[in-house]
2 protein chains.
Amino acid sequence: MADPNEVPIAHGGALSEAVARYGGSASEWLDLSTGISPFTLPLPEMTAECWRRLPEPAEVRRVCELAMRHYGGSVMPVAVPGTQAVIQLLPWLAPNADLTAIVSPTYSEYALSYRRVGKAVEEVHSLEAAADTQADVAVLANPNNPDGHETMRDDIFGFARAHRQRLLIVDEAFADLRQDLSMVGAAGMEPNLVVLRSFGKFFGLAGLRLGFVFAEPKLARILNERLGPWAVSGPALAIAAHAFSRIDLIGELRTRIAKANTMTRSALNMAGVSIVGEAPLFFYCEVGEGAAVRDAMAGRQVLVRAFDHSPSRIRVGLVPDELSAVRLRETLRLAGARVT
Amino acid sequence: MADPNEVPIAHGGALSEAVARYGGSASEWLDLSTGISPFTLPLPEMTAECWRRLPEPAEVRRVCELAMRHYGGSVMPVAVPGTQAVIQLLPWLAPNADLTAIVSPTYSEYALSYRRVGKAVEEVHSLEAAADTQADVAVLANPNNPDGHETMRDDIFGFARAHRQRLLIVDEAFADLRQDLSMVGAAGMEPNLVVLRSFGKFFGLAGLRLGFVFAEPKLARILNERLGPWAVSGPALAIAAHAFSRIDLIGELRTRIAKANTMTRSALNMAGVSIVGEAPLFFYCEVGEGAAVRDAMAGRQVLVRAFDHSPSRIRVGLVPDELSAVRLRETLRLAGARVT
């Protein structure tokens, strides 16, 4: 039977498909195919009410206040059911725009979102290059996914201020540990700047579907109207309220991520694999034949992500522990990743 | 500070606002302002994975298969994060349509969704009246909210078949206990028919944000593309998979709802209030001055819903138990609801 739920683009995290294709049980797999932290904090006791009742405006407001503080925003953000839900709505932030420049290669869904509604997209290699186009909108992931490319805050300010008539969308899904890059504090102040933050990646809770968008009130209102009431689930709000309030646990997560980052880097180095880009939650590696290495690793129940746009590379998420680090190293070797 | 998350339309379920305005603690209130069942089933143990991982296509598929069986569908539905999320997207199911006929008065968000994108809306009093308009799309809630009006299946079939060039959207959010009215089985067979089902109302789990849409593949694909990947949260999928599989617990819920419906009806009758419409999960009552009665009841920490479009009426959800039934009856009396 035709399944309308089929996902058209290959993404990381499709472990069930990997299990179906390569065998093993899900628990035997080491899934490094996403940039989601392998660590999370202990979930709070949730009241029956958060499942039963429609999430209330007052709860949303409270979580948004905490998010503003946590991310260092200057304005109240819009709570969204995952940043993907916002990417779907990006075209409506500038409905009259003809052309969008996307700093590429990057997450494939930005371009898809614009093209789906008949909008033209131009792929550019930097924000500076975006300035040279006729684009009405520029989209930048910072740090970029999958190559970890960083655009400095001054350059982003420069673009936003030199091109007031252009909308600048900065997706900071992977900026949690790079506050030095973040434009969150400027969103709402610079009227043409929109900043997206993902809750699930740093907190290791991607299944929740939660994110925040910082923007000036008119743009925020467009998003809210497009999303409609009760867009974010009760459990997501309850967990976020807990997580944002526990600075101690956030500190622990930072420490664990930093340690896992070091372990993963060592494993890649020891396997002789060249790291050509990185963000705190993933590494981008040159391995010769990305798809072949991914397939060979999958045959050993280790899942990484390969890319059509960069066929010699793979993206590797963080290993959770030393044992997994050893497994990653050995699997890369056995998979014939080209060494430097 | 401006809060972009403010909900523009008054809906039921805003208990925090009522508490802020009328006092008492949330637990002291009897919230009858929604049509959400006061009962739910014991939640399953959830794996850490359902919070941590991105929901996988295979899980979505499994839940959709169970939903197809549970609702009696002929095609695989699209899983959506609440039917409200679909209402937001209704205009895209017929992007070239100029005029939409909405069987009214009804849930206010249908008209808002079309008007927001510049589409014209004509309010009509029945599906038959919709046929006499120039509308390209007709929207029907069946049973209707808030008046409980029922449109018979034959009439819906009649419309769908006589107007193949028109899209017919049937929101069956309150049809769980009225399978005799449901068009779910015809969706996908009748190419111009789209049926929306809400998970949270019958299962008493509105905080989850989950619904299903039954439609032919091209329309289903439009919805999926507009929603994007991972639209439904991991916990929602896990709980739905559990709920749909437990026919015993579903039977228990039906029994409890039927009993609560009887208790609520008795309380309304004993208070001398005239029931002018109903669905299994709510009653629509003539009380003279709807807003005044609502306010007076709120002063006694009982929350019901009044309506601008029908100022003499209130909607009353189901009381969970006999004690609440007594409280509803007494509060109606004290609030000066006009008796018949």
# chains A, B, ... in the order shown; residues from 1 in each chain; ligands from 1
call {"tool": "interface_residues", "arguments": {"of": "chain B", "to": "chain A", "cutoff": "6 Å", "atoms": "only C-alpha atoms", "output": "number ranges by chain"}}
result
B: 4, 14, 50-56, 204-209, 220-221, 233-234
call {"tool": "residues_around", "arguments": {"residues": "Asp180 in chain B", "least_positions_apart": "5", "cutoff": "12 Å", "atoms": "only C-alpha atoms", "output": "VMD selection string"}}
result
chain B and resid 71 to 72 142 to 143 150 to 154 172 175 185
call {"tool": "write_last_selection", "arguments": {"atoms": "all heavy atoms", "output": "PDB file, in the first residue's frame"}}
result
ATOM      1  N   TYR B  71      -9.435   3.422  13.200  1.00  0.00           N
ATOM      2  CA  TYR B  71     -10.465   4.346  12.714  1.00  0.00           C
ATOM      3  C   TYR B  71     -11.301   3.746  11.581  1.00  0.00           C
ATOM      4  O   TYR B  71     -12.278   4.351  11.161  1.00  0.00           O
ATOM      5  CB  TYR B  71      -9.817   5.652  12.251  1.00  0.00           C
ATOM      6  CG  TYR B  71      -9.237   6.466  13.400  1.00  0.00           C
ATOM      7  CD1 TYR B  71      -7.866   6.652  13.528  1.00  0.00           C
ATOM      8  CD2 TYR B  71     -10.064   7.041  14.367  1.00  0.00           C
ATOM      9  CE1 TYR B  71      -7.328   7.385  14.584  1.00  0.00           C
ATOM     10  CE2 TYR B  71      -9.545   7.771  15.426  1.00  0.00           C
ATOM     11  CZ  TYR B  71      -8.175   7.947  15.527  1.00  0.00           C
ATOM     12  OH  TYR B  71      -7.652   8.666  16.572  1.00  0.00           O
ATOM     13  N   GLY B  72     -10.873   2.582  11.057  1.00  0.00           N
ATOM     14  CA  GLY B  72     -11.621   1.969   9.969  1.00  0.00           C
ATOM     15  C   GLY B  72     -11.334   2.594   8.615  1.00  0.00           C
ATOM     16  O   GLY B  72     -12.224   2.714   7.766  1.00  0.00           O
ATOM     17  N   ASN B 142     -18.064  17.137  11.751  1.00  0.00           N
ATOM     18  CA  ASN B 142     -19.150  16.172  11.919  1.00  0.00           C
ATOM     19  C   ASN B 142     -18.805  15.111  12.950  1.00  0.00           C
ATOM     20  O   ASN B 142     -17.909  14.313  12.716  1.00  0.00           O
ATOM     21  CB  ASN B 142     -19.454  15.507  10.571  1.00  0.00           C
ATOM     22  CG  ASN B 142     -20.805  14.822  10.558  1.00  0.00           C
ATOM     23  OD1 ASN B 142     -21.750  15.285  11.174  1.00  0.00           O
ATOM     24  ND2 ASN B 142     -20.887  13.709   9.857  1.00  0.00           N
ATOM     25  N   PRO B 143     -19.495  15.059  14.110  1.00  0.00           N
ATOM     26  CA  PRO B 143     -20.494  16.038  14.555  1.00  0.00           C
ATOM     27  C   PRO B 143     -19.859  17.422  14.686  1.00  0.00           C
ATOM     28  O   PRO B 143     -18.663  17.530  14.919  1.00  0.00           O
ATOM     29  CB  PRO B 143     -20.937  15.527  15.928  1.00  0.00           C
ATOM     30  CG  PRO B 143     -20.307  14.192  16.116  1.00  0.00           C
ATOM     31  CD  PRO B 143     -19.233  14.034  15.132  1.00  0.00           C
ATOM     32  N   GLU B 150     -25.311  16.943  13.377  1.00  0.00           N
ATOM     33  CA  GLU B 150     -24.833  15.766  12.657  1.00  0.00           C
ATOM     34  C   GLU B 150     -25.240  15.827  11.195  1.00  0.00           C
ATOM     35  O   GLU B 150     -26.384  16.138  10.882  1.00  0.00           O
ATOM     36  CB  GLU B 150     -25.440  14.502  13.275  1.00  0.00           C
ATOM     37  CG  GLU B 150     -25.010  14.300  14.713  1.00  0.00           C
ATOM     38  CD  GLU B 150     -25.810  13.213  15.410  1.00  0.00           C
ATOM     39  OE1 GLU B 150     -26.656  12.566  14.752  1.00  0.00           O
ATOM     40  OE2 GLU B 150     -25.595  13.035  16.611  1.00  0.00           O
ATOM     41  N   THR B 151     -24.309  15.532  10.330  1.00  0.00           N
ATOM     42  CA  THR B 151     -24.621  15.402   8.914  1.00  0.00           C
ATOM     43  C   THR B 151     -24.529  13.915   8.577  1.00  0.00           C
ATOM     44  O   THR B 151     -23.543  13.260   8.914  1.00  0.00           O
ATOM     45  CB  THR B 151     -23.631  16.216   8.061  1.00  0.00           C
ATOM     46  OG1 THR B 151     -23.675  17.581   8.501  1.00  0.00           O
ATOM     47  CG2 THR B 151     -23.994  16.157   6.588  1.00  0.00           C
ATOM     48  N   MET B 152     -25.577  13.395   7.973  1.00  0.00           N
ATOM     49  CA  MET B 152     -25.636  11.963   7.707  1.00  0.00           C
ATOM     50  C   MET B 152     -24.664  11.574   6.596  1.00  0.00           C
ATOM     51  O   MET B 152     -24.370  12.334   5.692  1.00  0.00           O
ATOM     52  CB  MET B 152     -27.058  11.542   7.316  1.00  0.00           C
ATOM     53  CG  MET B 152     -28.072  11.677   8.448  1.00  0.00           C
ATOM     54  SD  MET B 152     -27.604  10.729   9.938  1.00  0.00           S
ATOM     55  CE  MET B 152     -27.215  12.055  11.082  1.00  0.00           C
ATOM     56  N   ARG B 153     -24.181  10.353   6.703  1.00  0.00           N
ATOM     57  CA  ARG B 153     -23.194   9.846   5.761  1.00  0.00           C
ATOM     58  C   ARG B 153     -23.691   9.923   4.314  1.00  0.00           C
ATOM     59  O   ARG B 153     -22.938  10.291   3.420  1.00  0.00           O
ATOM     60  CB  ARG B 153     -22.863   8.396   6.162  1.00  0.00           C
ATOM     61  CG  ARG B 153     -21.591   7.902   5.628  1.00  0.00           C
ATOM     62  CD  ARG B 153     -20.803   7.099   6.647  1.00  0.00           C
ATOM     63  NE  ARG B 153     -21.511   5.903   7.089  1.00  0.00           N
ATOM     64  CZ  ARG B 153     -20.920   4.944   7.813  1.00  0.00           C
ATOM     65  NH1 ARG B 153     -19.639   5.042   8.138  1.00  0.00           N
ATOM     66  NH2 ARG B 153     -21.597   3.905   8.213  1.00  0.00           N
ATOM     67  N   ASP B 154     -24.959   9.588   4.096  1.00  0.00           N
ATOM     68  CA  ASP B 154     -25.498   9.620   2.731  1.00  0.00           C
ATOM     69  C   ASP B 154     -25.410  11.016   2.131  1.00  0.00           C
ATOM     70  O   ASP B 154     -25.148  11.177   0.933  1.00  0.00           O
ATOM     71  CB  ASP B 154     -26.967   9.168   2.723  1.00  0.00           C
ATOM     72  CG  ASP B 154     -27.083   7.650   2.794  1.00  0.00           C
ATOM     73  OD1 ASP B 154     -26.022   6.983   2.707  1.00  0.00           O
ATOM     74  OD2 ASP B 154     -28.210   7.152   2.944  1.00  0.00           O
ATOM     75  N   GLU B 172     -13.574  15.069  11.740  1.00  0.00           N
ATOM     76  CA  GLU B 172     -14.278  14.136  12.628  1.00  0.00           C
ATOM     77  C   GLU B 172     -13.628  14.100  14.007  1.00  0.00           C
ATOM     78  O   GLU B 172     -13.535  13.043  14.640  1.00  0.00           O
ATOM     79  CB  GLU B 172     -14.325  12.748  11.986  1.00  0.00           C
ATOM     80  CG  GLU B 172     -15.077  12.741  10.653  1.00  0.00           C
ATOM     81  CD  GLU B 172     -15.279  11.334  10.074  1.00  0.00           C
ATOM     82  OE1 GLU B 172     -14.714  10.371  10.625  1.00  0.00           O
ATOM     83  OE2 GLU B 172     -16.005  11.226   9.071  1.00  0.00           O
ATOM     84  N   ALA B 175     -15.959  12.413  16.364  1.00  0.00           N
ATOM     85  CA  ALA B 175     -16.722  11.286  15.810  1.00  0.00           C
ATOM     86  C   ALA B 175     -16.331   9.939  16.408  1.00  0.00           C
ATOM     87  O   ALA B 175     -16.856   8.904  15.984  1.00  0.00           O
ATOM     88  CB  ALA B 175     -16.567  11.247  14.290  1.00  0.00           C
ATOM     89  N   GLY B 185     -13.711   5.510   6.148  1.00  0.00           N
ATOM     90  CA  GLY B 185     -13.575   4.400   5.202  1.00  0.00           C
ATOM     91  C   GLY B 185     -13.661   4.826   3.750  1.00  0.00           C
ATOM     92  O   GLY B 185     -13.144   4.152   2.857  1.00  0.00           O
TER      93      GLY B 185
END
call {"tool": "select_by_dssp", "arguments": {"residues": "range 29-92 of chain B", "states": "strand (DSSP E)", "output": "list in words"}}
result
Leu30, Asp31, Val78, Ala79 and Val80 of chain B
call {"tool": "residues_around", "arguments": {"residues": "range 249-263 of chain B", "least_positions_apart": "6", "cutoff": "12 Å", "atoms": "only C-alpha atoms", "output": "MDAnalysis selection string"}}
result
chainID B and resid 35:43 70 176:178 201:204 240 242:243 269:270 278:283 316:329
call {"tool": "closest_residue", "arguments": {"among": "A:Ala238, A:Arg246, A:Ala337, A:Leu66", "to": "Met46 in chain A", "atoms": "only C-alpha atoms"}}
result
A:Ala238
call {"tool": "residues_around", "arguments": {"residues": "range 296-301 of chain B", "least_positions_apart": "2", "cutoff": "10 Å", "atoms": "only C-alpha atoms", "output": "ChimeraX atom specification"}}
result
/B:15,18-19,21-31,290-294,303-304,327-328,330-337
call {"tool": "write_last_selection", "arguments": {"atoms": "N, CA, C and O atoms", "output": "compact mmCIF listing (two decimals), in the first residue's frame"}}
result
# COMPACT_ATOMS: atom_id res chain seq x y z
N LEU B 15 -7.09 27.19 31.31
CA LEU B 15 -7.34 27.16 32.75
C LEU B 15 -6.47 28.17 33.50
O LEU B 15 -6.94 28.83 34.43
N ALA B 18 -7.99 31.47 33.55
CA ALA B 18 -9.14 31.50 34.44
C ALA B 18 -8.69 31.60 35.89
O ALA B 18 -9.26 32.35 36.69
N VAL B 19 -7.64 30.86 36.23
CA VAL B 19 -7.10 30.90 37.59
C VAL B 19 -6.59 32.30 37.90
O VAL B 19 -6.87 32.86 38.97
N ARG B 21 -7.56 35.05 36.68
CA ARG B 21 -8.64 36.02 36.74
C ARG B 21 -9.59 35.80 37.91
O ARG B 21 -10.03 36.74 38.55
N TYR B 22 -9.89 34.51 38.19
CA TYR B 22 -10.94 34.23 39.18
C TYR B 22 -10.41 33.60 40.46
O TYR B 22 -11.18 33.37 41.40
N GLY B 23 -9.12 33.27 40.48
CA GLY B 23 -8.54 32.74 41.71
C GLY B 23 -8.74 31.25 41.89
O GLY B 23 -9.25 30.55 41.01
N GLY B 24 -8.31 30.77 43.05
CA GLY B 24 -8.29 29.33 43.30
C GLY B 24 -7.02 28.74 42.72
O GLY B 24 -6.32 29.40 41.97
N SER B 25 -6.72 27.50 43.10
CA SER B 25 -5.58 26.84 42.47
C SER B 25 -6.12 25.94 41.36
O SER B 25 -7.29 25.54 41.39
N ALA B 26 -5.27 25.65 40.39
CA ALA B 26 -5.72 24.88 39.22
C ALA B 26 -6.44 23.59 39.64
O ALA B 26 -7.43 23.20 39.03
N SER B 27 -5.95 22.96 40.71
CA SER B 27 -6.53 21.67 41.11
C SER B 27 -7.93 21.83 41.71
O SER B 27 -8.69 20.87 41.77
N GLU B 28 -8.26 23.04 42.14
CA GLU B 28 -9.61 23.27 42.67
C GLU B 28 -10.65 23.44 41.57
O GLU B 28 -11.85 23.37 41.81
N TRP B 29 -10.18 23.73 40.37
CA TRP B 29 -11.11 24.01 39.28
C TRP B 29 -11.68 22.73 38.68
O TRP B 29 -11.01 21.70 38.63
N LEU B 30 -12.90 22.85 38.20
CA LEU B 30 -13.50 21.80 37.39
C LEU B 30 -13.54 22.36 35.97
O LEU B 30 -14.34 23.25 35.68
N ASP B 31 -12.65 21.87 35.11
CA ASP B 31 -12.55 22.43 33.77
C ASP B 31 -13.43 21.63 32.81
O ASP B 31 -13.11 20.52 32.42
N GLY B 290 -24.95 33.57 27.84
CA GLY B 290 -23.81 32.65 27.89
C GLY B 290 -22.61 33.20 28.63
O GLY B 290 -22.07 32.56 29.55
N ALA B 291 -22.19 34.40 28.26
CA ALA B 291 -20.98 34.97 28.86
C ALA B 291 -21.17 35.23 30.34
O ALA B 291 -20.27 34.98 31.15
N ALA B 292 -22.36 35.70 30.72
CA ALA B 292 -22.63 36.00 32.13
C ALA B 292 -22.64 34.71 32.95
O ALA B 292 -22.09 34.67 34.06
N VAL B 293 -23.23 33.67 32.41
CA VAL B 293 -23.27 32.39 33.12
C VAL B 293 -21.85 31.81 33.24
O VAL B 293 -21.44 31.33 34.30
N ARG B 294 -21.11 31.90 32.15
CA ARG B 294 -19.72 31.42 32.19
C ARG B 294 -18.94 32.16 33.28
O ARG B 294 -18.24 31.54 34.08
N LEU B 303 -15.23 25.90 34.92
CA LEU B 303 -14.96 26.56 33.64
C LEU B 303 -15.76 25.92 32.52
O LEU B 303 -15.67 24.72 32.28
N VAL B 304 -16.59 26.74 31.85
CA VAL B 304 -17.28 26.29 30.64
C VAL B 304 -16.98 27.29 29.54
O VAL B 304 -16.33 28.31 29.78
N ARG B 327 -21.56 19.23 41.58
CA ARG B 327 -20.98 20.57 41.55
C ARG B 327 -21.44 21.35 40.31
O ARG B 327 -21.76 22.54 40.39
N LEU B 328 -21.47 20.69 39.16
CA LEU B 328 -21.93 21.33 37.93
C LEU B 328 -23.37 21.79 38.09
O LEU B 328 -23.72 22.94 37.78
N GLU B 330 -25.14 22.40 40.84
CA GLU B 330 -25.29 23.50 41.79
C GLU B 330 -24.73 24.80 41.24
O GLU B 330 -25.29 25.88 41.44
N THR B 331 -23.61 24.70 40.55
CA THR B 331 -22.97 25.91 40.02
C THR B 331 -23.84 26.55 38.94
O THR B 331 -23.96 27.78 38.87
N LEU B 332 -24.46 25.72 38.12
CA LEU B 332 -25.37 26.25 37.10
C LEU B 332 -26.52 27.00 37.76
O LEU B 332 -26.92 28.08 37.32
N ARG B 333 -27.03 26.43 38.83
CA ARG B 333 -28.15 27.08 39.53
C ARG B 333 -27.71 28.42 40.10
O ARG B 333 -28.36 29.45 39.90
N LEU B 334 -26.56 28.38 40.80
CA LEU B 334 -26.07 29.61 41.44
C LEU B 334 -25.69 30.66 40.40
O LEU B 334 -25.73 31.86 40.68
N ALA B 335 -25.29 30.21 39.21
CA ALA B 335 -24.86 31.15 38.17
C ALA B 335 -26.05 31.78 37.47
O ALA B 335 -25.89 32.64 36.60
N GLY B 336 -27.23 31.32 37.81
CA GLY B 336 -28.43 31.93 37.22
C GLY B 336 -28.67 31.55 35.78
O GLY B 336 -29.23 32.34 35.01
N ALA B 337 -28.24 30.34 35.41
CA ALA B 337 -28.54 29.88 34.05
C ALA B 337 -30.06 29.86 33.89
O ALA B 337 -30.77 29.37 34.77
call {"tool": "select_by_dssp", "arguments": {"residues": "range 72-241 of chain B", "states": "helix (DSSP H, G or I)", "output": "ChimeraX atom specification"}}
result
/B:83-87,90-93,109-116,127-131,153-162,179-181,184-186,200-203,206-208,217-227,234-241
call {"tool": "write_last_selection", "arguments": {"atoms": "C-alpha atoms", "output": "PDB file, in the first residue's frame"}}
result
ATOM      1  CA  THR B  83      -5.508  18.220  13.840  1.00  0.00           C
ATOM      2  CA  GLN B  84      -4.929  21.937  14.455  1.00  0.00           C
ATOM      3  CA  ALA B  85      -1.644  21.560  12.545  1.00  0.00           C
ATOM      4  CA  VAL B  86      -3.658  20.278   9.564  1.00  0.00           C
ATOM      5  CA  ILE B  87      -6.244  23.023   9.806  1.00  0.00           C
ATOM      6  CA  LEU B  90      -5.958  23.267   4.634  1.00  0.00           C
ATOM      7  CA  PRO B  91      -5.518  26.045   2.049  1.00  0.00           C
ATOM      8  CA  TRP B  92      -2.649  24.106   0.441  1.00  0.00           C
ATOM      9  CA  LEU B  93      -4.840  21.110  -0.318  1.00  0.00           C
ATOM     10  CA  GLU B 109      -9.912  28.099  13.135  1.00  0.00           C
ATOM     11  CA  TYR B 110     -11.117  26.792   9.756  1.00  0.00           C
ATOM     12  CA  ALA B 111     -12.146  30.222   8.517  1.00  0.00           C
ATOM     13  CA  LEU B 112      -9.081  31.844  10.048  1.00  0.00           C
ATOM     14  CA  SER B 113      -6.777  29.462   8.221  1.00  0.00           C
ATOM     15  CA  TYR B 114      -8.204  30.389   4.824  1.00  0.00           C
ATOM     16  CA  ARG B 115      -8.542  34.099   5.534  1.00  0.00           C
ATOM     17  CA  ARG B 116      -4.973  34.292   6.798  1.00  0.00           C
ATOM     18  CA  LEU B 127     -23.553  20.934   3.416  1.00  0.00           C
ATOM     19  CA  GLU B 128     -26.596  21.235   1.171  1.00  0.00           C
ATOM     20  CA  ALA B 129     -26.266  25.015   1.316  1.00  0.00           C
ATOM     21  CA  ALA B 130     -22.558  24.693   0.496  1.00  0.00           C
ATOM     22  CA  ALA B 131     -23.577  23.001  -2.743  1.00  0.00           C
ATOM     23  CA  ARG B 153     -23.194   9.846   5.761  1.00  0.00           C
ATOM     24  CA  ASP B 154     -25.498   9.620   2.731  1.00  0.00           C
ATOM     25  CA  ASP B 155     -25.582  13.399   2.476  1.00  0.00           C
ATOM     26  CA  ILE B 156     -21.805  13.596   2.631  1.00  0.00           C
ATOM     27  CA  PHE B 157     -21.444  10.896  -0.031  1.00  0.00           C
ATOM     28  CA  GLY B 158     -24.031  12.763  -2.074  1.00  0.00           C
ATOM     29  CA  PHE B 159     -22.058  15.987  -1.923  1.00  0.00           C
ATOM     30  CA  ALA B 160     -18.704  14.325  -2.623  1.00  0.00           C
ATOM     31  CA  ARG B 161     -20.031  12.499  -5.678  1.00  0.00           C
ATOM     32  CA  ALA B 162     -22.144  15.312  -7.078  1.00  0.00           C
ATOM     33  CA  GLN B 179     -18.700   5.524  13.771  1.00  0.00           C
ATOM     34  CA  ASP B 180     -22.114   5.599  12.035  1.00  0.00           C
ATOM     35  CA  LEU B 181     -21.329   9.158  10.898  1.00  0.00           C
ATOM     36  CA  VAL B 184     -12.987   7.552   7.232  1.00  0.00           C
ATOM     37  CA  GLY B 185     -13.575   4.400   5.202  1.00  0.00           C
ATOM     38  CA  ALA B 186     -14.482   6.441   2.121  1.00  0.00           C
ATOM     39  CA  GLY B 200      -6.295  13.505  21.922  1.00  0.00           C
ATOM     40  CA  LYS B 201     -10.022  14.043  22.409  1.00  0.00           C
ATOM     41  CA  PHE B 202     -11.270  10.476  22.787  1.00  0.00           C
ATOM     42  CA  PHE B 203      -8.080   9.259  24.474  1.00  0.00           C
ATOM     43  CA  ALA B 206      -4.671  16.493  24.078  1.00  0.00           C
ATOM     44  CA  GLY B 207      -1.217  17.477  25.362  1.00  0.00           C
ATOM     45  CA  LEU B 208       0.367  14.878  23.097  1.00  0.00           C
ATOM     46  CA  PRO B 217      -2.201   9.839  -2.012  1.00  0.00           C
ATOM     47  CA  LYS B 218      -1.708  13.150  -3.820  1.00  0.00           C
ATOM     48  CA  LEU B 219      -3.404  15.144  -1.078  1.00  0.00           C
ATOM     49  CA  ALA B 220      -1.654  13.084   1.600  1.00  0.00           C
ATOM     50  CA  ARG B 221       1.646  13.876  -0.038  1.00  0.00           C
ATOM     51  CA  ILE B 222       0.933  17.605  -0.014  1.00  0.00           C
ATOM     52  CA  LEU B 223       0.312  17.416   3.731  1.00  0.00           C
ATOM     53  CA  ASN B 224       3.431  15.393   4.367  1.00  0.00           C
ATOM     54  CA  GLU B 225       5.553  17.786   2.379  1.00  0.00           C
ATOM     55  CA  ARG B 226       4.097  20.790   4.169  1.00  0.00           C
ATOM     56  CA  LEU B 227       4.595  19.216   7.590  1.00  0.00           C
ATOM     57  CA  GLY B 234       8.444  10.159  19.665  1.00  0.00           C
ATOM     58  CA  PRO B 235       6.335   9.977  22.862  1.00  0.00           C
ATOM     59  CA  ALA B 236       3.143  10.633  20.860  1.00  0.00           C
ATOM     60  CA  LEU B 237       3.979   7.744  18.531  1.00  0.00           C
ATOM     61  CA  ALA B 238       4.842   5.419  21.418  1.00  0.00           C
ATOM     62  CA  ILE B 239       1.633   6.202  23.297  1.00  0.00           C
ATOM     63  CA  ALA B 240      -0.553   5.907  20.201  1.00  0.00           C
ATOM     64  CA  ALA B 241       0.983   2.545  19.284  1.00  0.00           C
TER      65      ALA B 241
END
call {"tool": "residues_around", "arguments": {"residues": "Gly288 in chain A", "least_positions_apart": "6", "cutoff": "7 Å", "atoms": "only C-alpha atoms", "output": "PDB file with N, CA, C and O atoms, in the first residue's frame"}}
result
ATOM      1  N   SER A 312      33.098  12.180  -0.990  1.00  0.00           N
ATOM      2  CA  SER A 312      34.279  11.581  -0.343  1.00  0.00           C
ATOM      3  C   SER A 312      34.203  11.685   1.180  1.00  0.00           C
ATOM      4  O   SER A 312      35.134  11.289   1.866  1.00  0.00           O
ATOM      5  N   ARG A 313      33.083  12.216   1.686  1.00  0.00           N
ATOM      6  CA  ARG A 313      33.054  12.530   3.114  1.00  0.00           C
ATOM      7  C   ARG A 313      31.957  11.820   3.892  1.00  0.00           C
ATOM      8  O   ARG A 313      30.945  11.415   3.329  1.00  0.00           O
ATOM      9  N   ALA A 337      38.334   3.092   5.290  1.00  0.00           N
ATOM     10  CA  ALA A 337      38.357   4.546   5.150  1.00  0.00           C
ATOM     11  C   ALA A 337      39.766   4.962   4.739  1.00  0.00           C
ATOM     12  O   ALA A 337      40.754   4.491   5.312  1.00  0.00           O
ATOM     13  N   ARG A 338      39.857   5.807   3.738  1.00  0.00           N
ATOM     14  CA  ARG A 338      41.171   6.210   3.239  1.00  0.00           C
ATOM     15  C   ARG A 338      41.888   7.005   4.315  1.00  0.00           C
ATOM     16  O   ARG A 338      41.330   7.959   4.871  1.00  0.00           O
TER      17      ARG A 338
END
call {"tool": "atom_distance", "arguments": {"atom1": "CA of Pro146 in chain B", "atom2": "CA of Thr106 in chain B"}}
result
6.3 Å
call {"tool": "atom_distance", "arguments": {"atom1": "CA of Pro191 in chain A", "atom2": "CA of Arg164 in chain A"}}
result
7.9 Å
call {"tool": "atom_distance", "arguments": {"atom1": "CA of Ala101 in chain B", "atom2": "CA of Ala138 in chain B"}}
result
4.7 Å
